[in-house]
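The structure file coords_36.cif is reproduced below (mmCIF, C-alpha atoms).
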data_upload
#
loop_
_atom_site.group_PDB
_atom_site.id
_atom_site.type_symbol
_atom_site.label_atom_id
_atom_site.label_comp_id
_atom_site.auth_asym_id
_atom_site.auth_seq_id
_atom_site.Cartn_x
_atom_site.Cartn_y
_atom_site.Cartn_z
ATOM 1 C CA GLN A 1 109.951 97.210 93.192
ATOM 2 C CA GLY A 2 107.480 99.523 94.942
ATOM 3 C CA GLU A 3 108.266 102.447 92.662
ATOM 4 C CA ALA A 4 108.105 100.278 89.530
ATOM 5 C CA LEU A 5 104.712 98.907 90.576
ATOM 6 C CA ARG A 6 103.453 102.406 91.312
ATOM 7 C CA LEU A 7 104.512 103.587 87.858
ATOM 8 C CA VAL A 8 102.829 100.644 86.150
ATOM 9 C CA MET A 9 99.672 101.320 88.129
ATOM 10 C CA LYS A 10 99.893 104.991 87.187
ATOM 11 C CA ILE A 11 99.960 104.056 83.496
ATOM 12 C CA HIS A 12 97.085 101.650 84.090
ATOM 13 C CA PHE A 13 94.933 104.299 85.747
ATOM 14 C CA ARG A 14 95.906 107.002 83.273
ATOM 15 C CA GLU A 15 94.642 104.690 80.557
ATOM 16 C CA MET A 16 91.361 104.430 82.471
ATOM 17 C CA ILE A 17 91.016 108.210 82.690
ATOM 18 C CA GLU A 18 92.356 109.088 79.226
ATOM 19 C CA PRO A 19 92.022 106.003 77.010
ATOM 20 C CA SER A 20 94.507 105.926 74.161
ATOM 21 C CA GLY A 21 93.000 102.823 72.600
ATOM 22 C CA THR A 22 96.276 100.942 72.995
ATOM 23 C CA TRP A 23 95.197 99.006 76.074
ATOM 24 C CA GLN A 24 91.454 99.110 75.474
ATOM 25 C CA ASN A 25 90.839 95.344 75.584
ATOM 26 C CA VAL A 26 93.270 94.779 78.448
ATOM 27 C CA MET A 27 91.700 97.572 80.496
ATOM 28 C CA HIS A 28 88.177 96.423 79.710
ATOM 29 C CA ASP A 29 88.929 92.864 80.792
ATOM 30 C CA SER A 30 90.889 93.987 83.849
ATOM 31 C CA ILE A 31 88.193 96.331 85.107
ATOM 32 C CA ARG A 32 85.426 93.850 84.337
ATOM 33 C CA ASN A 33 87.272 91.078 86.206
ATOM 34 C CA GLU A 34 87.864 93.280 89.259
ATOM 35 C CA CYS A 35 84.247 94.443 89.330
ATOM 36 C CA GLU A 36 82.895 90.923 88.906
ATOM 37 C CA ARG A 37 85.161 89.622 91.653
ATOM 38 C CA LEU A 38 84.063 92.372 94.022
ATOM 39 C CA GLN A 39 80.419 91.895 93.055
ATOM 40 C CA GLY A 40 80.807 88.232 93.987
ATOM 41 C CA ILE A 41 82.072 89.191 97.441
ATOM 42 C CA ILE A 42 79.203 91.639 97.868
ATOM 43 C CA LEU A 43 76.652 89.062 96.714
ATOM 44 C CA GLN A 44 77.998 86.624 99.273
ATOM 45 C CA ALA A 45 77.883 89.234 102.037
ATOM 46 C CA LEU A 46 74.309 90.193 101.126
ATOM 47 C CA HIS A 47 73.220 86.549 100.834
ATOM 48 C CA THR A 48 71.909 87.004 97.324
ATOM 49 C CA SER A 49 72.809 85.573 93.950
ATOM 50 C CA GLN A 50 71.960 88.286 91.428
ATOM 51 C CA ALA A 51 73.925 91.519 90.992
ATOM 52 C CA ASP A 52 71.383 94.311 90.659
ATOM 53 C CA THR A 53 72.131 97.950 89.840
ATOM 54 C CA GLU A 54 72.812 98.837 93.485
ATOM 55 C CA ILE A 55 75.362 96.040 93.846
ATOM 56 C CA LYS A 56 77.094 97.107 90.639
ATOM 57 C CA ARG A 57 77.097 100.725 91.829
ATOM 58 C CA MET A 58 78.534 99.649 95.165
ATOM 59 C CA ALA A 59 81.292 97.597 93.528
ATOM 60 C CA PHE A 60 82.411 100.536 91.384
ATOM 61 C CA SER A 61 82.288 102.856 94.396
ATOM 62 C CA LEU A 62 84.367 100.560 96.578
ATOM 63 C CA LEU A 63 86.933 100.063 93.825
ATOM 64 C CA GLY A 64 86.984 103.818 93.375
ATOM 65 C CA MET A 65 88.162 104.362 96.933
ATOM 66 C CA ALA A 66 91.282 102.304 96.296
ATOM 67 C CA VAL A 67 91.842 103.629 92.767
ATOM 68 C CA HIS A 68 91.791 107.182 94.094
ATOM 69 C CA PHE A 69 94.864 106.572 96.232
ATOM 70 C CA TYR A 70 96.802 105.361 93.189
ATOM 71 C CA VAL A 71 95.615 108.124 90.906
ATOM 72 C CA ALA A 72 96.183 110.810 93.531
ATOM 73 C CA HIS A 73 99.358 109.289 94.993
ATOM 74 C CA ASP A 74 101.500 112.294 94.063
ATOM 75 C CA PHE A 75 99.045 114.657 95.756
ATOM 76 C CA ALA A 76 98.677 112.482 98.837
ATOM 77 C CA SER A 77 102.439 112.132 99.206
ATOM 78 C CA ARG A 78 102.798 115.908 98.968
ATOM 79 C CA PHE A 79 99.875 117.044 101.132
ATOM 80 C CA GLU A 80 99.315 114.115 103.501
ATOM 81 C CA PRO A 81 102.517 112.051 103.245
ATOM 82 C CA GLU A 82 101.743 109.886 106.263
ATOM 83 C CA LEU A 83 98.891 108.312 104.300
ATOM 84 C CA VAL A 84 101.204 106.688 101.747
ATOM 85 C CA ALA A 85 104.696 107.120 103.210
ATOM 86 C CA ASP A 86 105.791 103.486 103.389
ATOM 87 C CA ALA A 87 104.654 99.863 103.456
ATOM 88 C CA THR A 88 103.228 100.258 106.966
ATOM 89 C CA SER A 89 101.138 103.243 105.851
ATOM 90 C CA ILE A 90 99.906 101.368 102.794
ATOM 91 C CA ASP A 91 98.985 98.352 104.945
ATOM 92 C CA ALA A 92 97.057 100.623 107.314
ATOM 93 C CA LEU A 93 95.324 102.221 104.331
ATOM 94 C CA ALA A 94 94.355 98.806 102.951
ATOM 95 C CA GLN A 95 92.933 97.785 106.320
ATOM 96 C CA ARG A 96 90.919 101.007 106.595
ATOM 97 C CA LEU A 97 89.608 100.699 103.036
ATOM 98 C CA ALA A 98 88.529 97.143 103.824
ATOM 99 C CA ALA A 99 86.775 98.353 106.991
ATOM 100 C CA TYR A 100 85.052 101.160 105.059
ATOM 101 C CA SER A 101 83.928 98.605 102.487
ATOM 102 C CA VAL A 102 82.510 96.316 105.160
ATOM 103 C CA ALA A 103 80.616 99.294 106.615
ATOM 104 C CA VAL A 104 79.143 100.126 103.198
ATOM 105 C CA ILE A 105 78.049 96.516 102.683
ATOM 106 C CA LYS A 106 76.478 96.388 106.166
ATOM 107 C CA SER A 107 74.646 99.620 105.425
ATOM 108 C CA GLU A 108 73.302 98.145 102.182
ATOM 109 C CA ARG A 109 72.231 95.000 104.043
ATOM 110 C CA ARG A 110 70.273 97.160 106.524
ATOM 111 C CA ARG A 111 68.751 99.213 103.692
ATOM 112 C CA ARG A 112 67.595 96.073 101.914
ATOM 113 C CA ALA A 113 66.168 94.576 105.106
ATOM 114 C CA ALA A 114 64.230 97.788 105.835
ATOM 115 C CA SER A 115 62.942 97.845 102.258
ATOM 116 C CA THR A 116 61.774 94.237 102.569
ATOM 117 C CA GLU A 117 60.079 94.986 105.896
ATOM 118 C CA ARG A 118 58.219 97.947 104.367
ATOM 119 C CA ALA A 119 57.148 95.796 101.406
ATOM 120 C CA ASP A 120 55.884 93.082 103.758
ATOM 121 C CA ALA A 121 53.888 95.554 105.891
#

Please render this file's structure as structure tokens.
Amino acid sequence: QGEALRLVMKIHFREMIEPSGTWQNVMHDSIRNECERLQGIILQALHTSQADTEIKRMAFSLLGMAVHFYVAHDFASRFEPELVADATSIDALAQRLAAYSVAVIKSERRRRAASTERADA
């Protein structure tokens, strides 16, 4: 099942990089749904209700970290196999990506707070 899922994901991401037109609507909806879901999490974490450009940029960036490991899986397995060797490695990767994402969101929260403080001064 793992290999089959990886191959499906590879097709999915190849379609993102080199659109054939075949999956255009599916890809559009899929990417939009993932971005909107992640934007919702970010909005919650930042205690705001409107997704501005920075939040949208952040959502795409955070998704990009995970997408990269799928797109570059063959390279990672060749050059740094311990990163994607088995289910345990993938679980560790998912945990690290989540931690990196939390750090990015915290950084944005601090940036926004500092910006508000400067505006209030």

Would you be able to write out as a ChimeraX atom specification which residues have an atom within 10 Å of (82.3, 94.3, 88.7) in the file's coordinates, counting only C-alpha atoms? /A:30-40,51,55-60,63

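For the set A:Ala45, A:Val26, A:Leu62, A:Met16, the residue with the smallest atom-to-atom gap to Tyr100 of chain A is A:Leu62, counting all atoms listed in the file.
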
Ground truth for the PyMOL selection byres ((chain A and resi 6) around 12), written as a PyMOL selection string: chain A and resi 1-5+7-14+67+69-74+84

Interatomic distance (Å, one decimal) between atom CA of Val102 of chain A and atom CA of Ser77 of chain A: 26.1 Å

Once the PyMOL selection byres ((chain A and resi 109-120) around 10) has been evaluated on this model, what residues remain selected, and can you format them as a PyMOL selection string? chain A and resi 42+45-47+103-108+121

Because the input lacks atoms here, generate N, CA, C and O atoms for segment 48-60 of chain A and report them as an mmCIF file, keeping the file's coordinate frame.
data_model
loop_
_atom_site.group_PDB
_atom_site.id
_atom_site.type_symbol
_atom_site.label_atom_id
_atom_site.label_comp_id
_atom_site.auth_asym_id
_atom_site.auth_seq_id
_atom_site.Cartn_x
_atom_site.Cartn_y
_atom_site.Cartn_z
ATOM 1 N N THR A 48 72.729 86.974 98.523
ATOM 2 C CA THR A 48 71.909 87.004 97.324
ATOM 3 C C THR A 48 72.733 86.467 96.157
ATOM 4 O O THR A 48 73.944 86.306 96.285
ATOM 5 N N SER A 49 72.082 86.191 95.054
ATOM 6 C CA SER A 49 72.809 85.573 93.950
ATOM 7 C C SER A 49 72.821 86.402 92.674
ATOM 8 O O SER A 49 73.522 86.065 91.733
ATOM 9 N N GLN A 50 72.057 87.491 92.641
ATOM 10 C CA GLN A 50 71.960 88.286 91.428
ATOM 11 C C GLN A 50 72.461 89.704 91.678
ATOM 12 O O GLN A 50 71.972 90.383 92.579
ATOM 13 N N ALA A 51 73.401 90.159 90.866
ATOM 14 C CA ALA A 51 73.925 91.519 90.992
ATOM 15 C C ALA A 51 72.958 92.494 90.347
ATOM 16 O O ALA A 51 72.818 92.530 89.131
ATOM 17 N N ASP A 52 72.273 93.283 91.181
ATOM 18 C CA ASP A 52 71.383 94.311 90.659
ATOM 19 C C ASP A 52 72.160 95.619 90.491
ATOM 20 O O ASP A 52 73.369 95.671 90.728
ATOM 21 N N THR A 53 71.476 96.658 90.087
ATOM 22 C CA THR A 53 72.131 97.950 89.840
ATOM 23 C C THR A 53 72.830 98.474 91.085
ATOM 24 O O THR A 53 73.944 99.013 91.000
ATOM 25 N N GLU A 54 72.209 98.338 92.248
ATOM 26 C CA GLU A 54 72.812 98.837 93.485
ATOM 27 C C GLU A 54 74.111 98.102 93.814
ATOM 28 O O GLU A 54 75.074 98.708 94.279
ATOM 29 N N ILE A 55 74.143 96.817 93.583
ATOM 30 C CA ILE A 55 75.362 96.040 93.846
ATOM 31 C C ILE A 55 76.457 96.447 92.872
ATOM 32 O O ILE A 55 77.612 96.627 93.258
ATOM 33 N N LYS A 56 76.105 96.654 91.625
ATOM 34 C CA LYS A 56 77.094 97.107 90.639
ATOM 35 C C LYS A 56 77.611 98.493 90.996
ATOM 36 O O LYS A 56 78.807 98.769 90.910
ATOM 37 N N ARG A 57 76.702 99.376 91.414
ATOM 38 C CA ARG A 57 77.097 100.725 91.829
ATOM 39 C C ARG A 57 78.043 100.657 93.031
ATOM 40 O O ARG A 57 79.043 101.365 93.099
ATOM 41 N N MET A 58 77.704 99.797 93.970
ATOM 42 C CA MET A 58 78.534 99.649 95.165
ATOM 43 C C MET A 58 79.925 99.135 94.807
ATOM 44 O O MET A 58 80.927 99.631 95.315
ATOM 45 N N ALA A 59 79.998 98.155 93.925
ATOM 46 C CA ALA A 59 81.292 97.597 93.528
ATOM 47 C C ALA A 59 82.176 98.674 92.901
ATOM 48 O O ALA A 59 83.359 98.802 93.255
ATOM 49 N N PHE A 60 81.628 99.465 91.995
ATOM 50 C CA PHE A 60 82.411 100.536 91.384
ATOM 51 C C PHE A 60 82.843 101.569 92.421
ATOM 52 O O PHE A 60 83.967 102.075 92.384
#
